[in-house]
Structures are given as structure tokens and as C-alpha cells.
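A short worksheet on the structure shown next.
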Amino acid sequence: MAMVFSAEQVACLCEVLLQSGRMERLTGFLRTLPPSSSSSLGGLESVLKAQSAVAFHQGRFSDLYALLEGFPFSQDSHPLLQQLWLRAHYLEAERQRGRPLGAVGKYRVRRKFPLPRTIWDGEETSYCFKEKSRSILREWYFRKPYPSPREKRELAAITGLTATQVSNWFKNRRQRDRAAHGHTRDEEGLRPIQFNVSNGTSRDAYPSSDNDLSPPGSPSPLFFRQSPPPLSHI
């Protein structure tokens, strides 16, 4: 059967369906592609991303790993594919252990199954935060641990993170510094909230999509009162 769509149209449809999260439609569309087209479409990154997402959605993790390790994806595709790689390994580990993974368990999985170079540019990451982004946030924090909403948006643009991720990073860093220096007074009226961890216990923490693990003993925010330089100079 002849192909109805050109290679460019196939790639465009894969991107649209993938970004919209319509996995059933994406799965069905990939099935309509004739086997004879596999050689011509096999090198299309959008098709390979779509196939990877479908493999994850269907729990075919071995196929997912083979796809991710078999093609040098561009950096624009890395965030999505890294999440698929990590989440698949997390799920496999949870099935083997019969319980959800905590932070330590996920760290061990990441050490055991590092990101392949096909979906990683080689720059060190921490919980999917690049070291370059973390360095910018730390430099700003040492000068001004309470950035304004506008400054958070500017930091997000510089680091490639979201404003929420930037805000959470600063909240977590301030909390760790208070704990490290014995500060018990809540700053700005903020109080740690309770959340359940994988072992069923609760502990105080600010929610964060970063979970930055900078070592304790970082300088207290009380020691940094001067204003930081303009963001454009970082």
C-alpha cells in the first residue's frame, strides 16, 4: 500500500499527537504506516520519539531502551526522552521491590542506569537540572536569597527552567540553610508542609520539582545582604 503522507507530514503528525498527549491516536497512526516505509522513516527523529513514547505508554521498556540508545537525538528532544528513560527504570525497580521508590532509591536507579549519550549532551545534571543552571541559581542565591517574581521569571528564562522550578529551588535552599544553622524561626511566615514519602512516614519539606541536593553547611542567607548584579551580567 502506498504511503498517504509524505515523510514531512508524518513527522508533523507525530509531533502534534505527541505534544497533545493523545497516545491512543498516536499509536493508531503509527500502525497505519506500511512496513515498507520503515527504512525511509526510520531516520526521522519525530517518528522515533513517537515510537519511544508509545513503547513507554504500553510498558514495552526493552523496546524503549533500544530506541533511545540507537539514535543520536537532538538536544531539543533530550528532556522528554530523558524522562521516559528514567521513569521506565523507576517503574521497573518499583515492580521488582513491590513498593514506590523514595529519593534514595531513585538516586540508586539513576546511578545504575545512567542516561545514554544519545539523549544526553554530557553535561552534569542533578535531578534533571543541568549544573550550569544550578550554578546560576546558587550565585544569585548567595547575593539575594529572596528574588522578586520578576527576577524569578528572568532567572527561568536564563536557566531554561520554569518560574515554578526556580521558586521551589530557592524555597528548598533556604530551608536547608535554616536547618544547617539551627534557625527555627520561619521566614516570611512560610511554614514547611507535610507530605508522605515512600515509606509511609511524613516529614517537613517544601515541595520542589528540583530536589536539589547541595551539601549542608552552605552560607546562611543572613550573610548576604548586598544586591546582586543585573541578570544580564550573570
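Chain labels run A, B, ... following the order of the C-alpha cells; each chain numbers its residues from 1, and ligands are numbered from 1 in the order shown.
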
Practice prompt. Please give the complete set of residues from stretch 61-157 of chain A that DSSP, run on the backbone, assigns to helix (DSSP H, G or I), formatted as a VMD selection string.
Written response: chain A and resid 61 to 69 75 to 97 103 to 112 117 to 119 131 to 143 149 to 157

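You will find atom CA of A:Leu67 at 6.3 Å from atom CA of A:Ser52.
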
Worksheet item: What does the distance from atom CA of A:Pro100 to atom CA of A:Gly122 come to in Å, to one decimal?
Response: 28.9 Å

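For the pair atom CA of A:Ser6 and atom CA of A:Ala66, the separation is 25.8 Å.
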
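The residue set within 9 Å of A:Ala11, counting only C-alpha atoms and dropping same-chain residues fewer than 3 places from it, reads Ser6, Ala7, Glu8, Cys14, Glu15, Val16, Leu41, Leu44, Glu45, Ser46 and Val47 of chain A.
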
Kindly export the residues of the current selection with N, CA, C and O atoms, as a PDB file, in the first residue's frame.
```pdb
ATOM      1  N   SER A   6       3.531  12.321   3.087  1.00  0.00           N
ATOM      2  CA  SER A   6       4.958  12.454   2.852  1.00  0.00           C
ATOM      3  C   SER A   6       5.696  12.293   4.174  1.00  0.00           C
ATOM      4  O   SER A   6       5.087  12.307   5.255  1.00  0.00           O
ATOM      5  N   ALA A   7       7.019  12.144   4.093  1.00  0.00           N
ATOM      6  CA  ALA A   7       7.811  11.979   5.311  1.00  0.00           C
ATOM      7  C   ALA A   7       7.658  13.196   6.220  1.00  0.00           C
ATOM      8  O   ALA A   7       7.563  13.069   7.440  1.00  0.00           O
ATOM      9  N   GLU A   8       7.625  14.389   5.635  1.00  0.00           N
ATOM     10  CA  GLU A   8       7.476  15.602   6.441  1.00  0.00           C
ATOM     11  C   GLU A   8       6.111  15.650   7.127  1.00  0.00           C
ATOM     12  O   GLU A   8       5.993  16.074   8.276  1.00  0.00           O
ATOM     13  N   CYS A  14       3.251  13.197  13.936  1.00  0.00           N
ATOM     14  CA  CYS A  14       3.804  12.575  15.148  1.00  0.00           C
ATOM     15  C   CYS A  14       4.046  13.618  16.234  1.00  0.00           C
ATOM     16  O   CYS A  14       3.718  13.400  17.405  1.00  0.00           O
ATOM     17  N   GLU A  15       4.600  14.761  15.867  1.00  0.00           N
ATOM     18  CA  GLU A  15       4.877  15.819  16.839  1.00  0.00           C
ATOM     19  C   GLU A  15       3.584  16.349  17.438  1.00  0.00           C
ATOM     20  O   GLU A  15       3.484  16.556  18.657  1.00  0.00           O
ATOM     21  N   VAL A  16       2.586  16.591  16.604  1.00  0.00           N
ATOM     22  CA  VAL A  16       1.316  17.142  17.090  1.00  0.00           C
ATOM     23  C   VAL A  16       0.636  16.176  18.054  1.00  0.00           C
ATOM     24  O   VAL A  16       0.177  16.570  19.138  1.00  0.00           O
ATOM     25  N   LEU A  41      11.463   6.169   6.965  1.00  0.00           N
ATOM     26  CA  LEU A  41      11.050   6.941   8.132  1.00  0.00           C
ATOM     27  C   LEU A  41      11.895   6.648   9.355  1.00  0.00           C
ATOM     28  O   LEU A  41      11.797   7.359  10.354  1.00  0.00           O
ATOM     29  N   LEU A  44      13.780   9.518  10.839  1.00  0.00           N
ATOM     30  CA  LEU A  44      13.066  10.715  11.249  1.00  0.00           C
ATOM     31  C   LEU A  44      12.977  10.752  12.767  1.00  0.00           C
ATOM     32  O   LEU A  44      12.377   9.874  13.393  1.00  0.00           O
ATOM     33  N   GLU A  45      13.545  11.790  13.351  1.00  0.00           N
ATOM     34  CA  GLU A  45      13.576  11.876  14.810  1.00  0.00           C
ATOM     35  C   GLU A  45      12.181  11.939  15.409  1.00  0.00           C
ATOM     36  O   GLU A  45      11.918  11.347  16.451  1.00  0.00           O
ATOM     37  N   SER A  46      11.264  12.643  14.754  1.00  0.00           N
ATOM     38  CA  SER A  46       9.903  12.759  15.286  1.00  0.00           C
ATOM     39  C   SER A  46       9.220  11.400  15.362  1.00  0.00           C
ATOM     40  O   SER A  46       8.479  11.117  16.306  1.00  0.00           O
ATOM     41  N   VAL A  47       9.459  10.556  14.365  1.00  0.00           N
ATOM     42  CA  VAL A  47       8.869   9.215  14.366  1.00  0.00           C
ATOM     43  C   VAL A  47       9.476   8.374  15.480  1.00  0.00           C
ATOM     44  O   VAL A  47       8.768   7.649  16.195  1.00  0.00           O
TER      45      VAL A  47
END
```

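Take the candidates A:His89, A:Arg176, A:Arg25, A:Lys152 and check each one against A:Gly105 using only C-alpha atoms; the shortest distance goes to A:His89.
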